[in-house]
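Student: Pasting data-v2.pdb here (PDB, C-alpha atoms):
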MODEL        1
ATOM      1  CA  MET C   5     -31.936 -37.561 -18.969  1.00  0.00           C
ATOM      2  CA  SER C   6     -35.062 -36.242 -17.408  1.00  0.00           C
ATOM      3  CA  SER C   7     -36.087 -32.645 -17.942  1.00  0.00           C
ATOM      4  CA  LYS C   8     -36.000 -31.874 -14.194  1.00  0.00           C
ATOM      5  CA  LEU C   9     -32.380 -32.960 -13.959  1.00  0.00           C
ATOM      6  CA  LEU C  10     -31.465 -30.763 -16.937  1.00  0.00           C
ATOM      7  CA  GLN C  11     -33.237 -27.791 -15.372  1.00  0.00           C
ATOM      8  CA  LYS C  12     -31.308 -28.244 -12.127  1.00  0.00           C
ATOM      9  CA  ARG C  13     -28.010 -28.349 -13.992  1.00  0.00           C
ATOM     10  CA  ARG C  14     -28.875 -25.217 -15.968  1.00  0.00           C
ATOM     11  CA  LYS C  15     -29.826 -23.320 -12.812  1.00  0.00           C
ATOM     12  CA  LYS C  16     -26.606 -24.364 -11.098  1.00  0.00           C
ATOM     13  CA  ALA C  17     -24.498 -23.328 -14.103  1.00  0.00           C
ATOM     14  CA  ARG C  18     -26.358 -20.012 -14.366  1.00  0.00           C
ATOM     15  CA  ARG C  19     -25.765 -19.245 -10.687  1.00  0.00           C
ATOM     16  CA  ALA C  20     -22.057 -19.996 -11.030  1.00  0.00           C
ATOM     17  CA  ALA C  21     -21.817 -17.746 -14.086  1.00  0.00           C
ATOM     18  CA  GLU C  22     -23.601 -14.883 -12.330  1.00  0.00           C
ATOM     19  CA  GLN C  23     -21.296 -15.087  -9.331  1.00  0.00           C
ATOM     20  CA  SER C  24     -18.132 -15.029 -11.419  1.00  0.00           C
ATOM     21  CA  ARG C  25     -19.050 -11.927 -13.416  1.00  0.00           C
ATOM     22  CA  VAL C  26     -18.122  -9.200 -10.950  1.00  0.00           C
ATOM     23  CA  ARG C  27     -14.534  -9.453  -9.775  1.00  0.00           C
ATOM     24  CA  GLY C  28     -14.269  -8.233  -6.218  1.00  0.00           C
ATOM     25  CA  PRO C  29     -16.011  -5.330  -4.545  1.00  0.00           C
ATOM     26  CA  ARG C  30     -17.526  -2.473  -6.507  1.00  0.00           C
ATOM     27  CA  ILE C  31     -14.889   0.104  -7.359  1.00  0.00           C
ATOM     28  CA  LYS C  32     -15.698   3.772  -7.875  1.00  0.00           C
ATOM     29  CA  ALA C  33     -14.233   5.667 -10.820  1.00  0.00           C
ATOM     30  CA  ALA C  34     -12.476   8.060  -8.431  1.00  0.00           C
ATOM     31  CA  ASP C  35     -10.562   5.164  -6.811  1.00  0.00           C
ATOM     32  CA  ILE C  36      -8.875   4.056 -10.053  1.00  0.00           C
ATOM     33  CA  ASP C  37      -5.188   4.936 -10.289  1.00  0.00           C
ATOM     34  CA  TYR C  38      -2.415   3.764 -12.619  1.00  0.00           C
ATOM     35  CA  LYS C  39      -0.180   3.064  -9.591  1.00  0.00           C
ATOM     36  CA  ASP C  40      -2.661   0.569  -8.104  1.00  0.00           C
ATOM     37  CA  ILE C  41      -1.153  -2.513  -9.775  1.00  0.00           C
ATOM     38  CA  PRO C  42      -3.097  -5.194  -7.815  1.00  0.00           C
ATOM     39  CA  LEU C  43      -6.383  -3.611  -8.935  1.00  0.00           C
ATOM     40  CA  LEU C  44      -5.258  -3.456 -12.559  1.00  0.00           C
ATOM     41  CA  GLN C  45      -4.112  -7.082 -12.446  1.00  0.00           C
ATOM     42  CA  ARG C  46      -7.521  -8.175 -11.147  1.00  0.00           C
ATOM     43  CA  MET C  47      -9.186  -6.377 -14.051  1.00  0.00           C
ATOM     44  CA  THR C  48      -7.034  -7.959 -16.771  1.00  0.00           C
ATOM     45  CA  SER C  49      -6.855 -11.465 -18.191  1.00  0.00           C
ATOM     46  CA  ALA C  50      -3.768 -13.675 -18.286  1.00  0.00           C
ATOM     47  CA  GLN C  51      -3.003 -12.294 -21.759  1.00  0.00           C
ATOM     48  CA  GLY C  52      -3.095  -8.725 -20.421  1.00  0.00           C
ATOM     49  CA  LYS C  53      -6.475  -7.804 -21.936  1.00  0.00           C
ATOM     50  CA  LEU C  54      -8.913  -5.674 -19.999  1.00  0.00           C
ATOM     51  CA  PHE C  55     -12.094  -7.500 -18.976  1.00  0.00           C
ATOM     52  CA  SER C  56     -15.438  -6.231 -20.257  1.00  0.00           C
ATOM     53  CA  ARG C  57     -17.780  -3.986 -18.292  1.00  0.00           C
ATOM     54  CA  LYS C  58     -20.063  -6.929 -17.735  1.00  0.00           C
ATOM     55  CA  ARG C  59     -17.276  -8.884 -16.100  1.00  0.00           C
ATOM     56  CA  THR C  60     -15.722  -6.064 -14.081  1.00  0.00           C
ATOM     57  CA  GLY C  61     -19.021  -4.552 -12.950  1.00  0.00           C
ATOM     58  CA  MET C  62     -17.869  -1.026 -13.787  1.00  0.00           C
ATOM     59  CA  ASP C  63     -19.984   1.708 -15.304  1.00  0.00           C
ATOM     60  CA  ALA C  64     -18.968   3.319 -18.609  1.00  0.00           C
ATOM     61  CA  GLU C  65     -17.023   6.168 -17.010  1.00  0.00           C
ATOM     62  CA  GLY C  66     -15.167   3.806 -14.692  1.00  0.00           C
ATOM     63  CA  GLN C  67     -14.305   1.458 -17.547  1.00  0.00           C
ATOM     64  CA  ARG C  68     -12.824   4.347 -19.553  1.00  0.00           C
ATOM     65  CA  LYS C  69     -10.749   5.476 -16.561  1.00  0.00           C
ATOM     66  CA  LEU C  70      -9.655   1.886 -15.992  1.00  0.00           C
ATOM     67  CA  ALA C  71      -8.499   1.593 -19.608  1.00  0.00           C
ATOM     68  CA  LEU C  72      -6.586   4.867 -19.348  1.00  0.00           C
ATOM     69  CA  ALA C  73      -4.943   3.796 -16.070  1.00  0.00           C
ATOM     70  CA  LEU C  74      -3.940   0.473 -17.648  1.00  0.00           C
ATOM     71  CA  LYS C  75      -2.397   2.271 -20.635  1.00  0.00           C
ATOM     72  CA  ARG C  76      -0.431   4.577 -18.342  1.00  0.00           C
ATOM     73  CA  ALA C  77       0.794   1.682 -16.212  1.00  0.00           C
ATOM     74  CA  ARG C  78       1.922  -0.178 -19.337  1.00  0.00           C
ATOM     75  CA  PHE C  79       3.713   2.885 -20.681  1.00  0.00           C
ATOM     76  CA  LEU C  80       5.590   3.343 -17.387  1.00  0.00           C
ATOM     77  CA  ALA C  81       6.492  -0.394 -17.360  1.00  0.00           C
ATOM     78  CA  LEU C  82       4.446  -1.073 -14.214  1.00  0.00           C
ATOM     79  CA  MET C  83       2.344  -3.617 -16.164  1.00  0.00           C
ATOM     80  CA  PRO C  84       3.354  -5.729 -19.149  1.00  0.00           C
ATOM     81  CA  PHE C  85       1.757  -5.164 -22.551  1.00  0.00           C
ATOM     82  CA  VAL C  86       1.555  -8.930 -23.140  1.00  0.00           C
ATOM     83  CA  THR C  87       2.356 -11.818 -20.822  1.00  0.00           C
TER
ENDMDL
END
Is it possible to give me this structure as structure tokens?
Tutor:
Amino acid sequence: MSSKLLQKRRKKARRAAEQSRVRGPRIKAADIDYKDIPLLQRMTSAQGKLFSRKRTGMDAEGQRKLALALKRARFLALMPFVT
């Protein structure tokens, strides 16, 4: 393959990867609540694991609050521990 074709493919793949990192609109740390199940489901994988900060687009404080909200929702049986 020619080098120009490879460069185009790499750029296209990079753009797709950049778009898929942040899931949905930016969420503030104050808006995170353990009762907001749709939000928590968007931030977890199919196995029930919390996505990384890079993927969720949260800052460190928001990611900690998100983890705590997920733990509380699991404990109250609003979210499963494992799917």
Student: To verify the selection step, state as a list in words which residues the PyMOL selection byres ((chain C and resi 36-47) around 9) yields on this input.
Tutor: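 That expression, the PyMOL selection byres ((chain C and resi 36-47) around 9), corresponds here to Arg27, Gly28, Ile31, Lys32, Ala33, Ala34, Asp35, Thr48, Ser49, Ala50, Gly52, Lys53, Leu54, Phe55, Ser56, Arg59, Thr60, Gly66, Lys69, Leu70, Leu72, Ala73, Leu74, Lys75, Arg76, Ala77, Arg78, Leu82 and Met83 of chain C.
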Student: How many Å lie between atom CA of Ala81 of chain C and atom CA of Gln51 of chain C, rounded to one decimal?
Tutor: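 Atom CA of Ala81 of chain C sits 15.8 Å away from atom CA of Gln51 of chain C.
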Student: Separation of atom CA of Arg68 of chain C and atom CA of Phe85 of chain C, in Å?
Tutor: 17.7 Å
Student: Could you work out how far atom CA of Pro84 of chain C lies from atom CA of Gln67 of chain C, giving the answer in Å with one decimal?
Tutor: 19.1 Å
Student: Of the candidates C:Gln11, C:Arg30, C:Thr87, C:Leu80, which shows the shortest atom-to-atom distance to Met62 of chain C, using only C-alpha atoms?
Tutor: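 Nearest candidate to Met62 of chain C out of C:Gln11, C:Arg30, C:Thr87, C:Leu80: C:Arg30.
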Student: Please define a box with edges along x, y and z of the file around all atoms of segment 27-45 of chain C given in the file, extend it by 4 Å on each side, and return its centre and edge lengths in Å to one decimal, as JSON.
Tutor:
{"center_x": -8.9, "center_y": -0.7, "center_z": -8.6, "size_x": 25.3, "size_y": 25.5, "size_z": 16.1}
